[in-house]
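Worksheet for the structure shown next.
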Amino acid sequence: MTKKMSPAIKSVAVTGAAGLIGSAVCRSLLARGVKVIAIDNFSIGSWNQEGADITWEKSNIAHPEVREALDRHLPDAVVHCAAHPGGKSNDEPIEDVEVNALGSMRIFQWCAESKTPVVFLSSSAVYGDQPQGPINESAEAHPGKIYAICKIACERFLKTLGEHYGLKWTVLRVFATYGAGHKPSTFQGVVNVMLTQLMQGERVVSKGLLSRERDLIYVNDTAEAIVSAVFTDKARGRIINVGSGVASDISSIIGACAKALGKNPDAIKIVEEPGLVGDPLYSVADITLARELLNFKPKFTLEQGLSELMQRRSQAAA
Ligand SMILES: NC(=O)c1ccc[n+]([C@@H]2O[C@H](COP(=O)([O-])OP(=O)(O)OC[C@H]3O[C@@H](n4cnc5c(N)ncnc54)[C@H](O)[C@@H]3O)[C@@H](O)[C@H]2O)c1
């Protein structure tokens with residue numbers, strides 16, 4: 001490893017590049033003429049576009065091999081998206097800590113030692129239960145599941161590595177992001193979970209109250225905020241919410257998903273079951289800081305995002 005002297009960012013390593021958000025970040029960077037080093041172990045994601053400006057490294061961030069992958073390319077910046085999913089974290093706590101805490105530390109330490117700036121995808125889950133009202137970055141964290149505890153640990157790892165090594169970091173607390181890149185599942189992403197059930201019939205189970213409110217953001221908007229953070233020096237050392245700033249309750253999300261699938265929302269039978277540990281009632285972002293620091297303006301309404309998601313899924317199936 002050699003220390004980098006130039007602050008210009010011409011190549012970016014993206015961990016979790018095969019997943020929903022990582023793949024959108026890669027596409028956005030490639031569209032800007034940035035070289036991409038795409039790192040993933042394909043445990044969940046499957047996007048694998050080839051091209052002259054993208055190099056794939058099949059690597060597990062929880063293993064020392066990921067440092068070798070980074071050493072081979074010496075990227076000018078890193079976007080760290082790879083993660084064990086929050087929806088599985090309380091059932092698979094060891095895997096969660098291995099990937100989300102230890103694996104993240106492997107990425108951060110490499111960035112610290114090589115003086116490479118890093119953008120880390122934290123999560124709205126760190127806020128846990130908060131009173132109504134858009135949640136601002138200064139709210140006290142109440143992480144209620146192992147995944148969220150690992151995200152808070154990572155935020156603090158970065159602060160300490162920043163003080164110790166001069167690491168330049170940016171933390172983005174991402175709210176509920178949806179798009180075509182999540183495989184159908186019943187544990188990952190509220191929109192994905194509802195679409196997956198609706199594709200199988202006219203019955204939807206809501207694990208938790210239908211009145212829960214979520215901030216849904218389309219993946220292209222999330223990716224724009226992330227790429228902007230890569231190139232924005234004034235965002236270094238800051239924790240920034242990335243959401244749409246719009247509240248949607250679970251009933252309306254189910255209705256919008258039903259419509260996107262061409263189904264009659266009134267014909268859907270909705271069953272409310274007890275909620276999951278660590279799943280808050282209210283999770284909606286105040287995005288004032290993202291607007292100020294990243295010039296962030298989300299473009300997609302829920303209807304527009306769902307329509308694009310359906311188009312991309314049908315293109316992929318054709
Ligand atoms: N999607 C959301 O709603 C949301 C909300 C808040 C935060 N986030 C965060 O954003 C990031 C990306 O989320 P996403 O929705 O794209 O998830 P995703 O599951 O679609 O993508 C994660 C990728 O990481 C890869 N991965 C998992 N473990 C790995 C390992 N050990 N080594 C290498 N690669 C590994 C997976 O194969 C997958 O491609 C994550 O850090 C997540 O915690 C997502």
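Chain lettering (A, B, ...) mirrors the order of the structure tokens, residue numbering begins at 1 for each chain separately, and ligand numbering begins at 1 in order of display.
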
Counting only C-alpha atoms and all ligand atoms, which residues of chain A fall within 6 Å of ligand 1, and what is the closest atom pair for each with its distance in Å at one decimal, ordered by chain and rising number, as a tab-separated table?
residue	atom	partner	partner_atom_place_in_ligand_line	distance
A:Gly16	CA	ligand 1	24 (O)	3.4
A:Ala17	CA	ligand 1	39 (O)	5.8
A:Ala18	CA	ligand 1	39 (O)	4.0
A:Gly19	CA	ligand 1	39 (O)	3.3
A:Leu20	CA	ligand 1	16 (O)	3.7
A:Ile21	CA	ligand 1	16 (O)	3.7
A:Gly22	CA	ligand 1	16 (O)	5.4
A:Asp40	CA	ligand 1	34 (N)	3.8
A:Asn41	CA	ligand 1	33 (C)	4.2
A:Phe42	CA	ligand 1	37 (O)	3.8
A:Ser43	CA	ligand 1	37 (O)	4.0
A:Ile44	CA	ligand 1	37 (O)	3.7
A:Gly45	CA	ligand 1	39 (O)	3.2
A:Ser59	CA	ligand 1	33 (C)	5.6
A:Asn60	CA	ligand 1	32 (N)	3.5
A:Ile61	CA	ligand 1	32 (N)	4.0
A:Ala62	CA	ligand 1	31 (N)	5.2
A:Cys81	CA	ligand 1	11 (C)	4.1
A:Ala82	CA	ligand 1	24 (O)	3.4
A:Ala83	CA	ligand 1	41 (O)	4.5
A:His84	CA	ligand 1	28 (N)	5.1
A:Pro85	CA	ligand 1	19 (O)	6.0
A:Val99	CA	ligand 1	31 (N)	5.0
A:Leu121	CA	ligand 1	41 (O)	5.0
A:Ser122	CA	ligand 1	7 (C)	5.5
A:Ser123	CA	ligand 1	6 (C)	3.9
A:Ser124	CA	ligand 1	6 (C)	5.8
A:Val174	CA	ligand 1	6 (C)	4.2
A:Phe175	CA	ligand 1	5 (C)	4.8
A:Ala176	CA	ligand 1	3 (O)	3.5
A:Thr177	CA	ligand 1	3 (O)	3.7
A:His182	CA	ligand 1	20 (O)	5.2
A:Gly189	CA	ligand 1	3 (O)	5.4

#### Entry: For Pro75 of chain A: contacts at 9 Å, only C-alpha atoms, fewer than 5 positions along chain excluded, given as a count of residues only
10

### Message
Using only C-alpha atoms, can you tell me which of A:Arg236, A:Leu29, A:Ile39, A:Gly255 comes closest to Asp53 of chain A?
### Response
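Ranked by minimum distance to Asp53 of chain A, first place goes to A:Leu29.
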
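Using only C-alpha atoms, the protein and nucleic acid residues lying no more than 7 Å from Ala285 of chain A, apart from those fewer than 6 places from it along its own chain, are Pro134, Ile135, Asn136, Asp215, Asn241, Gly243 and Gly245 of chain A.
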
### Selected residue of minimal separation from Arg67 of chain A among A:Ile226, A:Val171, A:Met310, A:Ile107, counting only C-alpha atoms
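Once distances to Arg67 of chain A are computed over only C-alpha atoms, the minimum belongs to A:Ile107.
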
Proximity check segment 19-136 of chain A to segment 260-284 of chain A, 10 Å, nearest pairs one decimal Å, only C-alpha atoms, as a Markdown table:
| residue | atom | partner | partner_atom | distance |
| --- | --- | --- | --- | --- |
| A:Gly86 | CA | A:Gly278 | CA | 9.9 |
| A:Gly87 | CA | A:Leu276 | CA | 9.1 |
| A:Asn90 | CA | A:Val277 | CA | 8.3 |
| A:Ser124 | CA | A:Ser283 | CA | 7.2 |
| A:Ala125 | CA | A:Asp279 | CA | 7.9 |
| A:Val126 | CA | A:Gly278 | CA | 9.6 |
| A:Tyr127 | CA | A:Ser283 | CA | 8.0 |
| A:Gly128 | CA | A:Pro280 | CA | 5.4 |
| A:Asp129 | CA | A:Pro280 | CA | 4.8 |
| A:Gln130 | CA | A:Tyr282 | CA | 6.6 |
| A:Pro131 | CA | A:Tyr282 | CA | 7.3 |
| A:Gln132 | CA | A:Tyr282 | CA | 6.4 |
| A:Gly133 | CA | A:Val284 | CA | 7.5 |
| A:Pro134 | CA | A:Val284 | CA | 5.3 |
| A:Ile135 | CA | A:Val284 | CA | 6.0 |
| A:Asn136 | CA | A:Val284 | CA | 9.2 |

File of the preceding selection, N, CA and C atoms, as a PDB file, in the first residue's frame:
ATOM      1  N   GLY A  86     -30.518  -6.064   7.969  1.00  0.00           N
ATOM      2  CA  GLY A  86     -31.116  -5.776   9.275  1.00  0.00           C
ATOM      3  C   GLY A  86     -32.236  -6.730   9.633  1.00  0.00           C
ATOM      4  N   GLY A  87     -33.005  -7.149   8.634  1.00  0.00           N
ATOM      5  CA  GLY A  87     -34.153  -8.027   8.879  1.00  0.00           C
ATOM      6  C   GLY A  87     -33.755  -9.404   9.398  1.00  0.00           C
ATOM      7  N   ASN A  90     -31.269 -10.041  14.236  1.00  0.00           N
ATOM      8  CA  ASN A  90     -31.509 -10.600  15.574  1.00  0.00           C
ATOM      9  C   ASN A  90     -31.522 -12.122  15.545  1.00  0.00           C
ATOM     10  N   SER A 124     -31.222   4.518   9.165  1.00  0.00           N
ATOM     11  CA  SER A 124     -32.239   5.153  10.007  1.00  0.00           C
ATOM     12  C   SER A 124     -32.536   4.282  11.225  1.00  0.00           C
ATOM     13  N   ALA A 125     -32.187   2.976  11.143  1.00  0.00           N
ATOM     14  CA  ALA A 125     -32.465   2.063  12.270  1.00  0.00           C
ATOM     15  C   ALA A 125     -31.755   2.515  13.539  1.00  0.00           C
ATOM     16  N   VAL A 126     -30.684   3.308  13.407  1.00  0.00           N
ATOM     17  CA  VAL A 126     -29.969   3.738  14.623  1.00  0.00           C
ATOM     18  C   VAL A 126     -30.863   4.610  15.506  1.00  0.00           C
ATOM     19  N   TYR A 127     -31.863   5.265  14.913  1.00  0.00           N
ATOM     20  CA  TYR A 127     -32.713   6.167  15.716  1.00  0.00           C
ATOM     21  C   TYR A 127     -33.677   5.387  16.607  1.00  0.00           C
ATOM     22  N   GLY A 128     -34.062   4.159  16.160  1.00  0.00           N
ATOM     23  CA  GLY A 128     -35.037   3.394  16.935  1.00  0.00           C
ATOM     24  C   GLY A 128     -36.293   4.210  17.141  1.00  0.00           C
ATOM     25  N   ASP A 129     -36.912   4.031  18.329  1.00  0.00           N
ATOM     26  CA  ASP A 129     -38.163   4.760  18.589  1.00  0.00           C
ATOM     27  C   ASP A 129     -37.907   6.219  18.897  1.00  0.00           C
ATOM     28  N   GLN A 130     -38.598   7.080  18.169  1.00  0.00           N
ATOM     29  CA  GLN A 130     -38.509   8.536  18.362  1.00  0.00           C
ATOM     30  C   GLN A 130     -39.931   9.070  18.374  1.00  0.00           C
ATOM     31  N   PRO A 131     -40.139  10.218  19.027  1.00  0.00           N
ATOM     32  CA  PRO A 131     -41.467  10.825  18.939  1.00  0.00           C
ATOM     33  C   PRO A 131     -41.756  11.275  17.510  1.00  0.00           C
ATOM     34  N   GLN A 132     -43.028  11.525  17.215  1.00  0.00           N
ATOM     35  CA  GLN A 132     -43.430  12.031  15.889  1.00  0.00           C
ATOM     36  C   GLN A 132     -42.635  13.273  15.518  1.00  0.00           C
ATOM     37  N   GLY A 133     -42.564  13.558  14.251  1.00  0.00           N
ATOM     38  CA  GLY A 133     -41.857  14.758  13.781  1.00  0.00           C
ATOM     39  C   GLY A 133     -40.632  14.294  13.039  1.00  0.00           C
ATOM     40  N   PRO A 134     -40.287  14.933  11.912  1.00  0.00           N
ATOM     41  CA  PRO A 134     -39.123  14.488  11.156  1.00  0.00           C
ATOM     42  C   PRO A 134     -37.896  14.372  12.062  1.00  0.00           C
ATOM     43  N   ILE A 135     -37.117  13.299  11.884  1.00  0.00           N
ATOM     44  CA  ILE A 135     -35.992  13.001  12.780  1.00  0.00           C
ATOM     45  C   ILE A 135     -34.725  13.675  12.257  1.00  0.00           C
ATOM     46  N   ASN A 136     -34.158  14.463  13.136  1.00  0.00           N
ATOM     47  CA  ASN A 136     -32.967  15.236  12.820  1.00  0.00           C
ATOM     48  C   ASN A 136     -31.738  14.459  13.314  1.00  0.00           C
TER      49      ASN A 136
END

### Message
Using DSSP secondary structure from the backbone, list all strand (DSSP E) positions within segment 34-277 of chain A, as a ChimeraX atom specification.
### Response
/A:35-40,54-58,77-80,118-123,169-174,176-178,203-207,213-218,238-242,247-249,269-273

Output C-alpha atoms for every residue in that selection, as a short mmCIF file (atom, residue, chain, number, x, y, z; two decimals), in the first residue's frame.
data_model
loop_
_atom_site.label_atom_id
_atom_site.label_comp_id
_atom_site.auth_asym_id
_atom_site.auth_seq_id
_atom_site.Cartn_x
_atom_site.Cartn_y
_atom_site.Cartn_z
CA LYS A 35 -13.53 4.03 -12.61
CA VAL A 36 -15.25 1.57 -10.29
CA ILE A 37 -13.80 -1.29 -8.27
CA ALA A 38 -16.87 -3.37 -7.42
CA ILE A 39 -16.49 -5.56 -4.32
CA ASP A 40 -19.10 -8.15 -3.30
CA ILE A 54 -15.59 -1.57 -13.82
CA THR A 55 -13.44 -4.26 -12.22
CA TRP A 56 -15.03 -6.91 -10.01
CA GLU A 57 -13.43 -8.33 -6.90
CA LYS A 58 -15.35 -11.26 -5.43
CA ALA A 77 -12.33 6.83 -2.36
CA VAL A 78 -14.46 4.01 -0.91
CA VAL A 79 -18.24 3.75 -0.61
CA HIS A 80 -18.99 1.07 1.96
CA VAL A 118 -14.78 6.70 2.96
CA VAL A 119 -18.54 7.17 2.71
CA PHE A 120 -20.31 4.75 5.06
CA LEU A 121 -23.94 3.72 4.74
CA SER A 122 -25.40 3.76 8.21
CA SER A 123 -29.13 3.42 8.71
CA TRP A 169 -15.24 9.94 6.62
CA THR A 170 -18.86 10.72 5.86
CA VAL A 171 -21.77 8.84 7.46
CA LEU A 172 -25.07 8.67 5.62
CA ARG A 173 -28.04 7.49 7.67
CA VAL A 174 -30.10 5.95 4.90
CA ALA A 176 -36.02 2.86 3.68
CA THR A 177 -34.68 2.55 0.14
CA TYR A 178 -36.54 0.54 -2.50
CA ARG A 203 -53.20 -11.53 1.35
CA VAL A 204 -50.53 -9.42 3.06
CA VAL A 205 -49.16 -9.85 6.59
CA SER A 206 -47.91 -6.69 8.30
CA LYS A 207 -45.48 -7.51 11.11
CA GLU A 213 -44.82 5.50 9.30
CA ARG A 214 -41.82 5.09 7.02
CA ASP A 215 -39.72 7.40 4.85
CA LEU A 216 -39.45 5.65 1.48
CA ILE A 217 -36.77 6.76 -0.93
CA TYR A 218 -36.23 5.45 -4.45
CA ARG A 238 -20.56 14.76 9.16
CA ILE A 239 -23.51 12.43 9.84
CA ILE A 240 -26.28 13.11 7.31
CA ASN A 241 -29.80 11.70 6.87
CA VAL A 242 -30.73 10.45 3.40
CA ALA A 247 -44.11 9.96 5.59
CA SER A 248 -46.05 6.93 4.29
CA ASP A 249 -47.96 4.61 6.61
CA LYS A 269 -56.78 -8.84 2.86
CA ILE A 270 -54.35 -7.29 5.32
CA VAL A 271 -53.41 -9.17 8.51
CA GLU A 272 -51.72 -7.25 11.32
CA GLU A 273 -49.36 -9.41 13.40
#

### Among listed residues A:Ala290, A:Ala31, A:Leu74, A:Ala317, nearest Gly51 of chain A (using only C-alpha atoms)
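Looking only at the distances to Gly51 of chain A, the closest residue turns out to be A:Ala31.
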
### Task
Please return as a ChimeraX atom specification: the residues of segment 101-176 of chain A that backbone DSSP assigns to helix (DSSP H, G or I).
/A:101-114,124-127,146-165

### Nearest to Ser46 of chain A, chosen from A:Lys183, A:Arg312, A:Arg27, A:Lys145, with only C-alpha atoms counted in the distances
A:Lys183

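Separating atom CA of Glu155 of chain A from atom CA of Ala24 of chain A is a distance of 22.9 Å.
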
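Minimum atom-to-atom distance to Thr160 of chain A, evaluated using only C-alpha atoms, belongs to A:Gly237 out of A:Gln200, A:Gly237, A:Tyr147, A:Ala225.
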
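Our summary of the geometry notes that atom CA of Glu113 of chain A is positioned 25.0 Å from atom CA of Ile149 of chain A.
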
### Message
Measuring between only C-alpha atoms, which one of A:Ala229, A:Leu167, A:Ile250, A:Met194 shows the shortest distance to Gly208 of chain A?
### Response
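Between A:Ala229, A:Leu167, A:Ile250, A:Met194, the residue approaching Gly208 of chain A most closely is A:Ile250.
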